[in-house]
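**Q** Structure provided below as structure tokens; questions to follow.
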Amino acid sequence: MKHSESAQDSAPTVGGDSYLTLHYRLADLQAADDEYVSTFDLSPATLQMGSGQLAETLERCLLGLSPGERQVFELAAEDAFGPHNPRLLERIARSALPPEVELRVNSLIEFSSPDGTGSFAGFLRELTETSALFDFNHPLAGKAIRFEVEIIAIL
């Protein structure tokens, strides 16, 4: 029996442990001109699937794509970054914040993890004389998103 493979059958596809180069854009689906991030006008991104560089929900969209393929995914909030979690809002006394940190409402502030091994960011929502209200949710949590990708190469 003769088996013939088309070029499409032999093209590599993105797998759970692929190392790939791609362009991507994330935007709020309700405000399409409100881009959260885009590499399309910049250098492409390189990432290792399964390493946490990209949210697991977004990685699942990439599985099976081939180099040269461009796709747009529209994801409901629960399928993207999940619902906005009110428990991730935290009021911190200004006196507990490092004095060298410039506090501006609507800015992202980087914090060291308690054990000092990593960092995380909080969005400054509100500032009073005595405290600052930070939101540690992903900025797109609770929002339906548009995820556009173009796979450049699987390395």
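Chain lettering (A, B, ...) mirrors the order of the structure tokens, residue numbering begins at 1 for each chain separately, and ligand numbering begins at 1 in order of display.
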Show me a table, sorted first by chain and then by increasing residue number, of the residues of region 7-84 of chain A having an atom at most 12 Å from region 132-145 of chain A, each with its shortest atom pair and the distance in Å to one decimal, counting only C-alpha atoms and written as JSON lines.
**A**
{"residue": "A:Arg25", "atom": "CA", "partner": "A:Ile145", "partner_atom": "CA", "distance": 10.0}
{"residue": "A:Leu26", "atom": "CA", "partner": "A:Ile145", "partner_atom": "CA", "distance": 6.8}
{"residue": "A:Ala27", "atom": "CA", "partner": "A:Ile145", "partner_atom": "CA", "distance": 5.6}
{"residue": "A:Asp28", "atom": "CA", "partner": "A:Ile145", "partner_atom": "CA", "distance": 4.7}
{"residue": "A:Leu29", "atom": "CA", "partner": "A:Ile145", "partner_atom": "CA", "distance": 4.5}
{"residue": "A:Gln30", "atom": "CA", "partner": "A:Ala144", "partner_atom": "CA", "distance": 7.1}
{"residue": "A:Ala31", "atom": "CA", "partner": "A:Ile145", "partner_atom": "CA", "distance": 9.2}
{"residue": "A:Ala32", "atom": "CA", "partner": "A:Ile145", "partner_atom": "CA", "distance": 8.7}
{"residue": "A:Asp33", "atom": "CA", "partner": "A:Ile145", "partner_atom": "CA", "distance": 11.6}
{"residue": "A:Asp34", "atom": "CA", "partner": "A:Ile145", "partner_atom": "CA", "distance": 10.3}
{"residue": "A:Glu35", "atom": "CA", "partner": "A:Ile145", "partner_atom": "CA", "distance": 9.8}
{"residue": "A:Tyr36", "atom": "CA", "partner": "A:Leu140", "partner_atom": "CA", "distance": 8.0}
{"residue": "A:Val37", "atom": "CA", "partner": "A:Leu140", "partner_atom": "CA", "distance": 10.8}
{"residue": "A:Ala55", "atom": "CA", "partner": "A:His138", "partner_atom": "CA", "distance": 10.5}
{"residue": "A:Thr57", "atom": "CA", "partner": "A:Ile145", "partner_atom": "CA", "distance": 11.6}
{"residue": "A:Leu58", "atom": "CA", "partner": "A:Ile145", "partner_atom": "CA", "distance": 10.5}
{"residue": "A:Val72", "atom": "CA", "partner": "A:Ile145", "partner_atom": "CA", "distance": 10.3}
{"residue": "A:Phe73", "atom": "CA", "partner": "A:Ile145", "partner_atom": "CA", "distance": 8.1}
{"residue": "A:Glu74", "atom": "CA", "partner": "A:Ile145", "partner_atom": "CA", "distance": 5.8}
{"residue": "A:Leu75", "atom": "CA", "partner": "A:Ile145", "partner_atom": "CA", "distance": 5.3}
{"residue": "A:Ala76", "atom": "CA", "partner": "A:Ala144", "partner_atom": "CA", "distance": 4.3}
{"residue": "A:Ala77", "atom": "CA", "partner": "A:Ala144", "partner_atom": "CA", "distance": 4.3}
{"residue": "A:Glu78", "atom": "CA", "partner": "A:Gly142", "partner_atom": "CA", "distance": 7.3}
{"residue": "A:Asp79", "atom": "CA", "partner": "A:Ala144", "partner_atom": "CA", "distance": 8.2}
{"residue": "A:Ala80", "atom": "CA", "partner": "A:Ile145", "partner_atom": "CA", "distance": 6.9}
{"residue": "A:Phe81", "atom": "CA", "partner": "A:Ala141", "partner_atom": "CA", "distance": 4.9}
{"residue": "A:Gly82", "atom": "CA", "partner": "A:Ala141", "partner_atom": "CA", "distance": 5.4}
{"residue": "A:Pro83", "atom": "CA", "partner": "A:Gly142", "partner_atom": "CA", "distance": 4.1}
{"residue": "A:His84", "atom": "CA", "partner": "A:Gly142", "partner_atom": "CA", "distance": 4.6}
**Q** Taking into account only C-alpha atoms, which residue in the set A:Gly15, A:Gly64, A:Pro86, A:Gly122 is nearest to Ile109 (chain A)?
**A**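 With only C-alpha atoms as the atom set, the closest residue is A:Gly122.
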**Q** Need to verify the contact set: Ser112 (chain A), 12 Å, only C-alpha atoms, exclusion of same-chain residues closer than 5 positions in sequence. Can you return it as an MDAnalysis selection string?
**A** chainID A and resid 97:98 117:122
